[in-house]
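Undergrad: data06.txt is reproduced below (compact mmCIF, C-alpha atoms).
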# COMPACT_ATOMS: atom_id res chain seq x y z
CA MET A 778 -11.20 8.00 6.79
CA ALA A 779 -7.64 6.84 7.35
CA ALA A 780 -4.94 7.92 4.93
CA PRO A 781 -3.57 5.16 2.65
CA GLN A 782 -0.38 3.47 3.86
CA TYR A 783 1.88 2.23 1.07
CA ALA A 784 4.57 -0.44 1.05
CA ILE A 785 7.54 1.04 -0.80
CA LEU A 786 10.45 -0.72 -2.56
CA ARG A 787 12.89 1.13 -4.84
CA PHE A 788 16.17 0.12 -6.47
CA ALA A 789 19.29 2.06 -7.45
CA LYS A 790 22.39 0.81 -9.33
CA TYR A 791 25.99 1.87 -8.73
CA LYS A 792 29.04 1.21 -10.92
CA GLY A 793 32.21 2.79 -9.56
CA PRO A 794 33.16 5.94 -7.61
CA GLU A 795 29.55 6.57 -6.55
CA ILE A 796 29.69 3.37 -4.45
CA GLY A 797 31.92 5.19 -1.95
CA ARG A 798 29.49 8.12 -1.81
CA ILE A 799 26.49 5.91 -1.16
CA GLU A 800 28.44 4.06 1.54
CA ALA A 801 29.29 7.36 3.25
CA HIS A 802 25.62 8.30 3.20
CA ASN A 803 24.29 4.94 4.40
CA GLU A 804 26.89 4.40 7.12
CA ARG A 805 26.85 8.06 8.20
CA THR A 806 30.63 8.49 7.96
CA LYS A 807 30.39 12.14 6.92
CA GLU A 808 30.40 14.91 9.50
CA GLN A 809 27.93 17.08 7.60
CA TYR A 810 25.11 16.36 5.15
CA ALA A 811 24.43 19.70 3.50
CA SER A 812 23.01 17.91 0.45
CA ASN A 813 20.32 16.27 2.59
CA PRO A 814 18.73 18.69 5.08
CA ASP A 815 16.32 15.96 6.22
CA ILE A 816 19.08 14.31 8.25
CA ASP A 817 18.90 15.16 11.94
CA THR A 818 22.37 14.31 13.23
CA LYS A 819 21.11 14.39 16.82
CA ARG A 820 19.01 11.33 15.99
CA THR A 821 21.74 9.52 14.06
CA PRO A 822 22.67 7.33 17.08
CA GLN A 823 19.18 5.81 16.74
CA ASN A 824 20.11 4.29 13.36
CA PHE A 825 20.75 0.55 13.46
CA HIS A 826 22.10 -2.29 11.31
CA LEU A 827 20.29 -5.50 10.51
CA LEU A 828 23.40 -6.65 8.67
CA ASN A 829 26.93 -5.25 8.51
CA ILE A 830 29.84 -7.32 7.22
CA GLY A 831 32.31 -4.63 8.32
CA SER A 832 34.34 -4.04 5.16
CA GLY A 833 33.84 -1.23 2.63
CA TYR A 834 31.12 -1.59 -0.01
CA ARG A 835 33.49 -1.42 -3.01
CA LYS A 836 36.05 -3.72 -1.40
CA GLU A 837 33.41 -6.32 -0.53
CA ALA A 838 31.83 -6.08 -3.99
CA GLU A 839 35.19 -6.67 -5.68
CA ARG A 840 35.86 -9.62 -3.38
CA GLN A 841 32.56 -11.28 -4.23
CA ILE A 842 32.97 -10.61 -7.95
CA LYS A 843 36.48 -12.06 -7.97
CA GLU A 844 35.43 -15.10 -5.99
CA ALA A 845 32.58 -15.73 -8.42
CA GLY A 846 34.98 -15.46 -11.37
CA CYS A 847 32.83 -12.90 -13.16
CA ARG A 848 33.80 -11.00 -16.29
CA VAL A 849 33.64 -7.30 -15.42
CA ARG A 850 33.62 -4.17 -17.57
CA SER A 851 34.43 -0.67 -16.35
CA ASP A 852 30.73 0.25 -16.62
CA SER A 853 29.44 -2.89 -14.87
CA VAL A 854 27.01 -2.37 -12.00
CA ARG A 855 28.82 -3.63 -8.92
CA VAL A 856 26.35 -2.69 -6.19
CA VAL A 857 22.55 -2.54 -6.15
CA GLU A 858 20.71 -0.77 -3.37
CA ALA A 859 17.16 -1.62 -2.34
CA MET A 860 15.45 1.13 -0.35
CA ILE A 861 12.50 -0.16 1.66
CA THR A 862 10.02 1.91 3.64
CA ALA A 863 6.32 2.72 4.03
CA SER A 864 4.18 5.83 4.17
CA PRO A 865 4.89 8.14 7.15
CA GLU A 866 1.42 7.33 8.54
CA PHE A 867 2.42 3.67 8.91
CA PHE A 868 5.23 4.48 11.34
CA LYS A 869 3.23 6.93 13.43
CA ASN A 870 3.31 5.98 17.14
CA LYS A 871 5.33 2.82 16.44
CA LYS A 872 8.04 1.92 18.95
CA LYS A 873 11.59 1.22 17.82
CA ALA A 874 11.10 -2.52 18.41
CA GLU A 875 8.07 -2.47 16.07
CA VAL A 876 10.05 -0.56 13.45
CA ARG A 877 12.86 -3.11 13.72
CA GLU A 878 10.36 -5.96 13.35
CA PHE A 879 8.94 -4.36 10.19
CA PHE A 880 12.33 -4.04 8.52
CA ASN A 881 13.45 -7.51 9.61
CA TYR A 882 10.33 -8.88 7.96
CA ALA A 883 11.05 -6.89 4.78
CA LEU A 884 14.65 -8.09 4.79
CA ASP A 885 13.41 -11.68 4.89
CA PHE A 886 11.57 -10.95 1.64
CA MET A 887 14.82 -9.83 0.03
CA ARG A 888 16.54 -12.99 1.32
CA GLN A 889 13.95 -15.02 -0.59
CA GLU A 890 14.56 -13.11 -3.81
CA GLN A 891 18.35 -12.58 -3.72
CA ASP A 892 21.11 -14.77 -2.30
CA PRO A 893 21.90 -13.37 1.19
CA LYS A 894 25.59 -14.16 0.56
CA THR A 895 25.62 -11.20 -1.82
CA PHE A 896 24.42 -8.74 0.87
CA ILE A 897 26.89 -6.09 2.02
CA SER A 898 24.94 -3.92 4.43
CA ALA A 899 21.39 -3.47 5.70
CA VAL A 900 21.03 -0.29 7.71
CA VAL A 901 17.89 1.43 8.97
CA HIS A 902 17.90 5.23 9.09
CA MET A 903 15.88 6.69 11.94
CA ASP A 904 17.36 10.18 11.60
CA GLU A 905 15.32 11.29 8.60
CA ALA A 906 11.65 12.18 8.17
CA THR A 907 10.51 8.56 7.67
CA PRO A 908 12.32 5.39 8.82
CA HIS A 909 13.74 3.45 5.88
CA LEU A 910 16.07 0.55 5.14
CA HIS A 911 19.05 0.68 2.76
CA LEU A 912 20.03 -2.83 1.66
CA SER A 913 23.19 -2.93 -0.47
CA PHE A 914 24.10 -6.10 -2.34
CA VAL A 915 26.24 -7.35 -5.24
CA PRO A 916 23.99 -8.25 -8.22
CA LEU A 917 25.25 -11.81 -8.66
CA THR A 918 22.89 -14.30 -10.28
CA ALA A 919 22.36 -17.89 -9.10
CA ASP A 920 24.92 -19.09 -11.66
CA ASN A 921 27.52 -16.52 -10.53
CA ARG A 922 27.13 -13.89 -13.23
CA LEU A 923 27.28 -10.19 -12.48
CA SER A 924 24.00 -8.92 -13.92
CA ALA A 925 21.90 -6.20 -12.34
CA LYS A 926 19.88 -6.21 -15.55
CA GLU A 927 18.84 -9.82 -15.06
CA ILE A 928 18.03 -9.38 -11.38
CA LEU A 929 16.09 -6.13 -11.66
CA GLY A 930 14.99 -6.60 -15.25
CA ASN A 931 12.91 -4.28 -17.38
CA LYS A 932 9.80 -2.34 -16.42
CA LYS A 933 7.70 -5.52 -16.45
CA LYS A 934 10.03 -7.33 -14.05
CA LEU A 935 10.25 -4.30 -11.76
CA THR A 936 6.45 -4.39 -11.64
CA GLN A 937 6.67 -8.05 -10.64
CA TRP A 938 9.11 -7.09 -7.88
CA GLN A 939 6.56 -4.57 -6.59
CA ASP A 940 3.75 -7.12 -6.78
CA LYS A 941 5.67 -9.79 -4.88
CA PHE A 942 6.89 -7.31 -2.27
CA TRP A 943 3.39 -6.06 -1.57
CA GLU A 944 1.90 -9.57 -1.51
CA TYR A 945 4.56 -10.58 1.03
CA MET A 946 4.29 -7.51 3.28
CA VAL A 947 0.49 -7.45 3.39
CA LYS A 948 0.42 -10.92 5.01
CA LYS A 949 1.84 -9.42 8.21
CA TYR A 950 0.73 -5.81 7.71
CA PRO A 951 -2.74 -5.99 6.09
CA ASP A 952 -3.29 -2.22 6.01
CA LEU A 953 -0.41 -1.67 3.59
CA GLU A 954 -1.27 -0.95 -0.02
CA ARG A 955 0.67 -1.33 -3.22
CA GLY A 956 2.25 1.89 -4.41
CA GLU A 957 0.41 2.24 -7.72
CA SER A 958 -3.31 2.84 -7.97
CA ALA A 959 -5.60 0.10 -9.25
CA SER A 960 -7.02 2.53 -11.83
CA GLU A 961 -3.60 2.69 -13.46
CA THR A 962 -2.60 -0.94 -13.13
CA GLY A 963 -5.89 -2.80 -13.27
CA ARG A 964 -4.79 -4.89 -10.29
CA ASP A 965 -7.16 -7.03 -8.28
CA TYR A 966 -5.90 -6.02 -4.84
CA ILE A 967 -8.43 -4.07 -2.82
CA PRO A 968 -6.76 -3.21 0.49
CA PRO A 969 -8.40 -4.13 3.82
CA ARG A 970 -8.61 -0.42 4.67
CA VAL A 971 -11.33 0.05 2.03
CA PHE A 972 -13.44 -2.76 3.50
CA LYS A 973 -13.08 -1.26 6.99
CA GLU A 974 -14.16 2.14 5.72
CA MET A 975 -17.14 0.60 3.92
CA THR A 976 -18.20 -1.12 7.15
CA HIS A 977 -18.08 2.28 8.86
CA LEU A 978 -20.14 3.86 6.05
CA THR A 979 -22.71 1.05 6.22
CA ARG A 980 -23.06 1.66 9.95
CA GLN A 981 -23.53 5.39 9.30
CA SER A 982 -26.09 4.60 6.62
CA LYS A 983 -28.19 2.62 9.11
CA GLN A 984 -28.02 5.53 11.55
CA LEU A 985 -29.18 7.93 8.84
CA ARG A 986 -32.10 5.70 7.84
CA LYS A 987 -33.21 5.61 11.48
CA LEU A 988 -32.96 9.41 11.74
CA LEU A 989 -35.01 9.82 8.57
CA GLY A 990 -37.60 7.31 9.78
CA ASP A 991 -38.01 9.12 13.11
CA VAL A 992 -39.01 12.44 11.52
CA ASN A 993 -42.65 13.41 12.02
CA MET A 994 -44.75 16.58 12.02
CA PHE A 995 -44.15 17.16 15.73
CA ASN A 996 -40.34 16.89 15.81
CA SER A 997 -39.30 17.83 12.28
CA GLY A 998 -37.42 20.96 13.34
CA THR A 999 -35.25 19.18 15.88
CA LYS A 1000 -34.73 16.08 13.73
CA VAL A 1001 -33.75 18.06 10.63
CA LYS A 1002 -31.08 19.85 12.65
CA GLU A 1003 -29.83 16.46 13.86
CA ILE A 1004 -29.80 15.10 10.31
CA LEU A 1005 -27.93 18.16 9.00
CA SER A 1006 -25.30 17.74 11.70
CA PHE A 1007 -24.97 14.06 10.79
CA LEU A 1008 -24.60 14.84 7.07
CA GLU A 1009 -21.60 17.11 7.73
CA LYS A 1010 -19.56 13.98 8.44
CA TYR A 1011 -21.48 11.45 6.34
CA ILE A 1012 -21.41 13.15 2.95
CA PRO A 1013 -17.63 13.90 2.95
CA ASP A 1014 -17.02 10.23 3.84
CA ILE A 1015 -19.18 9.13 0.91
CA GLU A 1016 -17.30 11.48 -1.42
CA LYS A 1017 -13.99 9.95 -0.31
CA MET A 1018 -15.35 6.44 -0.81
CA ASP A 1019 -16.58 7.42 -4.27
CA THR A 1020 -12.98 8.32 -5.18
CA GLU A 1021 -11.81 4.93 -3.85
CA MET A 1022 -14.44 2.95 -5.75
CA LYS A 1023 -13.55 4.61 -9.04
CA LYS A 1024 -10.01 3.23 -8.66
CA TYR A 1025 -11.35 -0.32 -8.75
CA LYS A 1026 -13.99 0.06 -11.45
CA LYS A 1027 -12.06 -2.14 -13.90
CA THR A 1028 -11.68 -4.81 -11.25
CA PHE A 1029 -15.39 -4.79 -10.36
CA ASP A 1030 -16.45 -4.89 -14.02
CA ARG A 1031 -14.14 -7.82 -14.72
CA TYR A 1032 -15.24 -9.76 -11.64
CA GLU A 1033 -18.94 -9.31 -12.36
CA THR A 1034 -18.42 -10.51 -15.95
CA GLU A 1035 -16.48 -13.56 -14.78
CA ILE A 1036 -19.09 -14.48 -12.16
CA ARG A 1037 -21.92 -14.14 -14.70
CA LYS A 1038 -20.06 -16.48 -17.07
CA LEU A 1039 -19.48 -18.94 -14.23
CA LYS A 1040 -23.18 -18.99 -13.34
CA LYS A 1041 -24.14 -19.40 -16.99
CA ALA A 1042 -21.74 -22.30 -17.40
CA ASN A 1043 -23.23 -24.07 -14.38
CA LYS A 1044 -26.89 -23.27 -13.82
CA LYS A 1045 -26.80 -25.00 -10.42
CA LEU A 1046 -24.70 -22.17 -9.01
CA THR A 1047 -26.51 -19.46 -7.08
CA ASP A 1048 -25.73 -16.11 -5.51
CA ASP A 1049 -25.01 -17.86 -2.24
CA LYS A 1050 -21.24 -17.90 -1.68
CA ASP A 1051 -21.15 -21.42 -0.26
CA ALA A 1052 -23.36 -22.84 -3.00
CA LEU A 1053 -21.41 -21.05 -5.69
CA THR A 1054 -18.11 -22.55 -4.61
CA ALA A 1055 -19.28 -26.00 -3.51
CA GLU A 1056 -18.89 -27.54 -6.95
CA LEU A 1057 -15.69 -25.78 -7.92
CA ASP A 1058 -12.30 -27.41 -7.67
CA ALA A 1059 -9.84 -26.15 -5.08
CA ALA A 1060 -7.88 -24.10 -7.61
CA LYS A 1061 -10.91 -22.03 -8.58
CA LYS A 1062 -12.62 -21.93 -5.21
CA GLU A 1063 -10.31 -19.43 -3.46
CA SER A 1064 -10.29 -17.09 -6.47
CA THR A 1065 -14.08 -17.16 -6.79
CA VAL A 1066 -14.66 -16.50 -3.09
CA LYS A 1067 -12.38 -13.47 -3.30
CA LYS A 1068 -14.22 -12.12 -6.35
CA LEU A 1069 -17.58 -12.56 -4.64
CA HIS A 1070 -16.27 -10.87 -1.52
CA ASP A 1071 -14.97 -7.92 -3.53
CA THR A 1072 -18.14 -7.48 -5.61
CA GLN A 1073 -20.14 -7.43 -2.36
CA LEU A 1074 -18.18 -4.29 -1.53
CA LEU A 1075 -19.68 -2.65 -4.60
CA GLN A 1076 -23.19 -3.74 -3.58
CA LYS A 1077 -22.72 -2.24 -0.11
CA TYR A 1078 -21.65 1.02 -1.74
CA GLU A 1079 -24.77 1.05 -3.93
CA ASP A 1080 -26.88 0.58 -0.78
CA VAL A 1081 -25.09 3.50 0.89
CA LYS A 1082 -25.77 5.72 -2.12
CA ALA A 1083 -29.42 4.65 -2.12
CA THR A 1084 -29.75 5.85 1.46
CA LEU A 1085 -28.25 9.18 0.45
CA ALA A 1086 -30.76 9.44 -2.41
CA SER A 1087 -33.63 8.94 0.06
CA ILE A 1088 -32.86 12.21 1.89
CA PRO A 1089 -35.63 14.77 1.20
CA PRO A 1090 -34.50 17.39 -1.37
CA GLU A 1091 -35.24 20.28 1.00
CA VAL A 1092 -32.89 18.79 3.61
CA LEU A 1093 -30.11 18.37 1.04
CA ARG A 1094 -30.63 21.97 -0.11
CA GLU A 1095 -30.30 23.16 3.49
CA TYR A 1096 -27.13 21.09 3.89
CA THR A 1097 -25.69 22.58 0.67
CA ASN A 1098 -26.53 26.13 1.81
CA ARG A 1099 -24.87 25.56 5.19
CA SER A 1100 -21.76 24.10 3.56
CA THR A 1101 -21.54 27.06 1.15
CA GLN A 1102 -21.88 29.56 3.99
CA LYS A 1103 -19.13 27.83 6.00
CA HIS A 1104 -16.87 27.84 2.94
CA ASP A 1105 -17.44 31.56 2.39
CA ILE A 1106 -16.68 32.35 6.04
CA HIS A 1107 -13.33 30.51 5.88
CA ARG A 1108 -12.21 32.07 2.59
As structure tokens, what does this structure read like?
TA:
Amino acid sequence: MAAPQYAILRFAKYKGPEIGRIEAHNERTKEQYASNPDIDTKRTPQNFHLLNIGSGYRKEAERQIKEAGCRVRSDSVRVVEAMITASPEFFKNKKKAEVREFFNYALDFMRQEQDPKTFISAVVHMDEATPHLHLSFVPLTADNRLSAKEILGNKKKLTQWQDKFWEYMVKKYPDLERGESASETGRDYIPPRVFKEMTHLTRQSKQLRKLLGDVNMFNSGTKVKEILSFLEKYIPDIEKMDTEMKKYKKTFDRYETEIRKLKKANKKLTDDKDALTAELDAAKKESTVKKLHDTQLLQKYEDVKATLASIPPEVLREYTNRSTQKHDIHR
């Protein structure tokens, strides 16, 4: 199964002298980077700007603040940095043009959420382990107040930032997942990757049922060997899917409860997706279709497990013995 690929958005706030240090890092104006061994200076020429106004970060921040007529304290946050990236697996085998397209798309998200006039620099680093974008901007509000607190907010608002960022990015890059697990957040987003993996498991399950159905007294020796070989891939995939499904248990439980209530409220509704949504208004229809689609994932998983349970105990014992022996050999 493919490794999860996460959409990543992080913020940092800078008040005074540290603005110069972050500028030196982002713009690669230092000759050496002993504090960051990940930087490969031979690859630094591959870095590129999506936006660069040309003046220093602190100078540009002070200009914007003065122009806006803001009241400023010595400890006021003058520059906010958004760091945007994805899991290393996402960038694997991607060409530079594809990487640029990804970060341009992400930058458009930030333009929707923060006035682009406040942006100072948007630079993509290609000379570290994983490509990433540093967007620096002055935290000016729509009514020209300097307030990083209002823009970034508390933990709840930062969570909303993450939600909106993921919802935006997944429209173009459907394999990306939100950074936090559903088991921790109770979110309703089940990434497309899980559905793809379940389709693969369902296909494997059909193959296994055919193998089991083909066993007879004349070919049992050969077929059991074939089944054991098949299980070496099948069972680990089921174990991985089991871990995935546990993440979304709260979501499945909630959806099934809501659908039961919906059916009870309108006895005309059936298990058929089209019939179930035919009498719903447009606002509820899309949500209900999604919940039905997601709960069908759970049903497919139960079918897969049922196939596993149909394997004769003696075959499973042989599989377990073989797995144990292989483990002991590699210890």
Undergrad: I'd like the interatomic distance between atom CA of A:Tyr834 and atom CA of A:Val856, to a tenth of an Å.
TA: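 For atom CA of A:Tyr834 relative to atom CA of A:Val856, the distance reads 7.9 Å.
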Undergrad: Using all atoms listed in the file, can you list as a list in words the residues within 10 Å of (32.0, -0.7, -3.8)?
TA: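 Answer for this query, in the requested form: Tyr791, Lys792, Gly793, Pro794, Glu795, Ile796, Gly797, Arg798, Ile799, Glu800, Ser832, Gly833, Tyr834, Arg835, Lys836, Glu837, Ala838, Glu839, Arg840, Val854, Arg855, Val856, Val857, Ile897, Ser913, Phe914 and Val915 of chain A.
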Undergrad: Taking 2 positions as the minimum chain separation for residues in the same chain, which residues sit within 8 Å of stretch 1035-1037 of chain A when counting only C-alpha atoms? Answer as number ranges by chain.
TA: A: 1031-1033, 1039-1041, 1065, 1068-1069
Undergrad: Measuring atom to atom with all atoms listed in the file, identify which of A:Asp904, A:Asp852, A:Asp1030, A:Asp885 is nearest to A:Ala925.
TA: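 Using all atoms listed in the file, the shortest distance to A:Ala925 belongs to A:Asp852.
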Undergrad: Hey, what's within 8 Å of A:Ile785 if we count only C-alpha atoms and toss same-chain stuff fewer than 6 positions away? As a ChimeraX atom specification, please?
TA: /A:860-864,955-956
Undergrad: Go through A:Phe1007, A:Glu858, A:Ile967, A:Phe896 and flag the residue nearest A:Lys1024, using only C-alpha atoms for the distances.
TA: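 That would be A:Ile967, the residue with the smallest distance to A:Lys1024.
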Undergrad: Around the point (11.5, -9.4, 2.7) (coordinates from the file), which residues reach within 12 Å if we count all atoms listed in the file? Answer as JSON, numbers by chain.
TA: {"A": [784, 785, 786, 859, 860, 861, 862, 878, 879, 880, 881, 882, 883, 884, 885, 886, 887, 888, 889, 890, 891, 893, 899, 910, 912, 938, 939, 941, 942, 943, 944, 945, 946, 947, 948, 949]}
Undergrad: Save the residues we just selected, C-alpha atoms, as a PDB file, in the frame of the given file?
TA:
ATOM      1  CA  ALA A 784       4.570  -0.440   1.050  1.00  0.00           C
ATOM      2  CA  ILE A 785       7.540   1.040  -0.800  1.00  0.00           C
ATOM      3  CA  LEU A 786      10.450  -0.720  -2.560  1.00  0.00           C
ATOM      4  CA  ALA A 859      17.160  -1.620  -2.340  1.00  0.00           C
ATOM      5  CA  MET A 860      15.450   1.130  -0.350  1.00  0.00           C
ATOM      6  CA  ILE A 861      12.500  -0.160   1.660  1.00  0.00           C
ATOM      7  CA  THR A 862      10.020   1.910   3.640  1.00  0.00           C
ATOM      8  CA  GLU A 878      10.360  -5.960  13.350  1.00  0.00           C
ATOM      9  CA  PHE A 879       8.940  -4.360  10.190  1.00  0.00           C
ATOM     10  CA  PHE A 880      12.330  -4.040   8.520  1.00  0.00           C
ATOM     11  CA  ASN A 881      13.450  -7.510   9.610  1.00  0.00           C
ATOM     12  CA  TYR A 882      10.330  -8.880   7.960  1.00  0.00           C
ATOM     13  CA  ALA A 883      11.050  -6.890   4.780  1.00  0.00           C
ATOM     14  CA  LEU A 884      14.650  -8.090   4.790  1.00  0.00           C
ATOM     15  CA  ASP A 885      13.410 -11.680   4.890  1.00  0.00           C
ATOM     16  CA  PHE A 886      11.570 -10.950   1.640  1.00  0.00           C
ATOM     17  CA  MET A 887      14.820  -9.830   0.030  1.00  0.00           C
ATOM     18  CA  ARG A 888      16.540 -12.990   1.320  1.00  0.00           C
ATOM     19  CA  GLN A 889      13.950 -15.020  -0.590  1.00  0.00           C
ATOM     20  CA  GLU A 890      14.560 -13.110  -3.810  1.00  0.00           C
ATOM     21  CA  GLN A 891      18.350 -12.580  -3.720  1.00  0.00           C
ATOM     22  CA  PRO A 893      21.900 -13.370   1.190  1.00  0.00           C
ATOM     23  CA  ALA A 899      21.390  -3.470   5.700  1.00  0.00           C
ATOM     24  CA  LEU A 910      16.070   0.550   5.140  1.00  0.00           C
ATOM     25  CA  LEU A 912      20.030  -2.830   1.660  1.00  0.00           C
ATOM     26  CA  TRP A 938       9.110  -7.090  -7.880  1.00  0.00           C
ATOM     27  CA  GLN A 939       6.560  -4.570  -6.590  1.00  0.00           C
ATOM     28  CA  LYS A 941       5.670  -9.790  -4.880  1.00  0.00           C
ATOM     29  CA  PHE A 942       6.890  -7.310  -2.270  1.00  0.00           C
ATOM     30  CA  TRP A 943       3.390  -6.060  -1.570  1.00  0.00           C
ATOM     31  CA  GLU A 944       1.900  -9.570  -1.510  1.00  0.00           C
ATOM     32  CA  TYR A 945       4.560 -10.580   1.030  1.00  0.00           C
ATOM     33  CA  MET A 946       4.290  -7.510   3.280  1.00  0.00           C
ATOM     34  CA  VAL A 947       0.490  -7.450   3.390  1.00  0.00           C
ATOM     35  CA  LYS A 948       0.420 -10.920   5.010  1.00  0.00           C
ATOM     36  CA  LYS A 949       1.840  -9.420   8.210  1.00  0.00           C
TER      37      LYS A 949
END
Undergrad: Suppose you want the space between atom CA of A:Leu978 and atom CA of A:Val1081; what is it in Å?
TA: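 So the answer is 7.2 Å.
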Undergrad: Using all atoms listed in the file, which residue out of A:Ile816, A:Leu827, A:Val876, A:Leu1075 lies closest to A:Glu905?
TA: A:Ile816
Undergrad: Work out how far atom CA of A:Lys1077 is from atom CA of A:Glu954, in Å to one decimal.
TA: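 Interatomic distance, atom CA of A:Glu954 to atom CA of A:Lys1077: 21.5 Å.
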Undergrad: Neighbours of stretch 921-923 of chain A within 10 Å (only C-alpha atoms; same-chain residues fewer than 5 positions away dropped), as number ranges by chain?
TA: A: 841-842, 844-849, 853-856, 915-916, 928
Undergrad: Write the residues you've just listed into a file as a CSV table (one decimal), in the frame of the given file, and include C-alpha atoms for each of them.
TA:
chain,number,residue,atom,x,y,z
A,841,GLN,CA,32.6,-11.3,-4.2
A,842,ILE,CA,33.0,-10.6,-8.0
A,844,GLU,CA,35.4,-15.1,-6.0
A,845,ALA,CA,32.6,-15.7,-8.4
A,846,GLY,CA,35.0,-15.5,-11.4
A,847,CYS,CA,32.8,-12.9,-13.2
A,848,ARG,CA,33.8,-11.0,-16.3
A,849,VAL,CA,33.6,-7.3,-15.4
A,853,SER,CA,29.4,-2.9,-14.9
A,854,VAL,CA,27.0,-2.4,-12.0
A,855,ARG,CA,28.8,-3.6,-8.9
A,856,VAL,CA,26.4,-2.7,-6.2
A,915,VAL,CA,26.2,-7.4,-5.2
A,916,PRO,CA,24.0,-8.2,-8.2
A,928,ILE,CA,18.0,-9.4,-11.4
Undergrad: Counting only C-alpha atoms, what is within 12 Å of A:Lys1082, bar same-chain residues fewer than 5 positions away, as a VMD selection string?
TA: chain A and resid 975 978 to 979 981 to 983 985 to 986 1011 to 1012 1014 to 1016 1018 to 1019 1075 to 1077 1087 to 1088
Undergrad: From the list A:Arg970, A:Lys873, A:Lys1002, A:Arg980, which residue is nearest A:Val1092 when using only C-alpha atoms?
TA: A:Lys1002
Undergrad: May I ask which of the residues A:Val900, A:Leu917, A:Leu1008, A:Asp1071 is the closest one to A:Met1022, counting all atoms listed in the file?
TA: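 Selected residue with least distance to A:Met1022: A:Asp1071.
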Undergrad: Under the rule that all atoms listed in the file are counted, which of A:Pro1013, A:Thr999, A:Thr1072, A:His977 is the nearest residue to A:Thr1028?
TA: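 Of the candidates, the smallest distance to A:Thr1028 is held by A:Thr1072.
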Undergrad: Missing atoms in stretch 983-999 of chain A should be modelled up to N, CA and C atoms and reported as a short mmCIF file (atom, residue, chain, number, x, y, z; two decimals), keeping the file's coordinate frame.
TA:
data_model
loop_
_atom_site.label_atom_id
_atom_site.label_comp_id
_atom_site.auth_asym_id
_atom_site.auth_seq_id
_atom_site.Cartn_x
_atom_site.Cartn_y
_atom_site.Cartn_z
N LYS A 983 -27.10 3.12 8.26
CA LYS A 983 -28.19 2.62 9.11
C LYS A 983 -28.65 3.70 10.09
N GLN A 984 -27.68 4.45 10.63
CA GLN A 984 -28.02 5.53 11.55
C GLN A 984 -28.86 6.59 10.84
N LEU A 985 -28.46 6.91 9.60
CA LEU A 985 -29.18 7.93 8.84
C LEU A 985 -30.60 7.48 8.52
N ARG A 986 -30.76 6.21 8.14
CA ARG A 986 -32.10 5.70 7.84
C ARG A 986 -33.00 5.78 9.07
N LYS A 987 -32.42 5.52 10.23
CA LYS A 987 -33.21 5.61 11.48
C LYS A 987 -33.61 7.06 11.75
N LEU A 988 -32.65 7.99 11.53
CA LEU A 988 -32.96 9.41 11.74
C LEU A 988 -34.07 9.86 10.81
N LEU A 989 -33.99 9.43 9.54
CA LEU A 989 -35.01 9.82 8.57
C LEU A 989 -36.37 9.22 8.93
N GLY A 990 -36.34 7.98 9.43
CA GLY A 990 -37.60 7.31 9.78
C GLY A 990 -38.26 7.88 11.02
N ASP A 991 -37.47 8.56 11.86
CA ASP A 991 -38.01 9.12 13.11
C ASP A 991 -38.64 10.51 12.94
N VAL A 992 -38.47 11.09 11.75
CA VAL A 992 -39.01 12.44 11.52
C VAL A 992 -40.54 12.39 11.42
N ASN A 993 -41.20 13.26 12.14
CA ASN A 993 -42.65 13.41 12.02
C ASN A 993 -43.03 14.88 12.16
N MET A 994 -44.33 15.18 12.04
CA MET A 994 -44.75 16.58 12.02
C MET A 994 -44.52 17.30 13.35
N PHE A 995 -44.32 16.54 14.41
CA PHE A 995 -44.15 17.16 15.73
C PHE A 995 -42.67 17.45 16.06
N ASN A 996 -41.76 16.71 15.45
CA ASN A 996 -40.34 16.89 15.81
C ASN A 996 -39.46 17.25 14.63
N SER A 997 -40.07 17.63 13.51
CA SER A 997 -39.30 17.83 12.28
C SER A 997 -38.19 18.87 12.45
N GLY A 998 -38.44 19.92 13.17
CA GLY A 998 -37.42 20.96 13.34
C GLY A 998 -36.19 20.44 14.03
N THR A 999 -36.38 19.74 15.12
CA THR A 999 -35.25 19.18 15.88
C THR A 999 -34.54 18.10 15.09
#
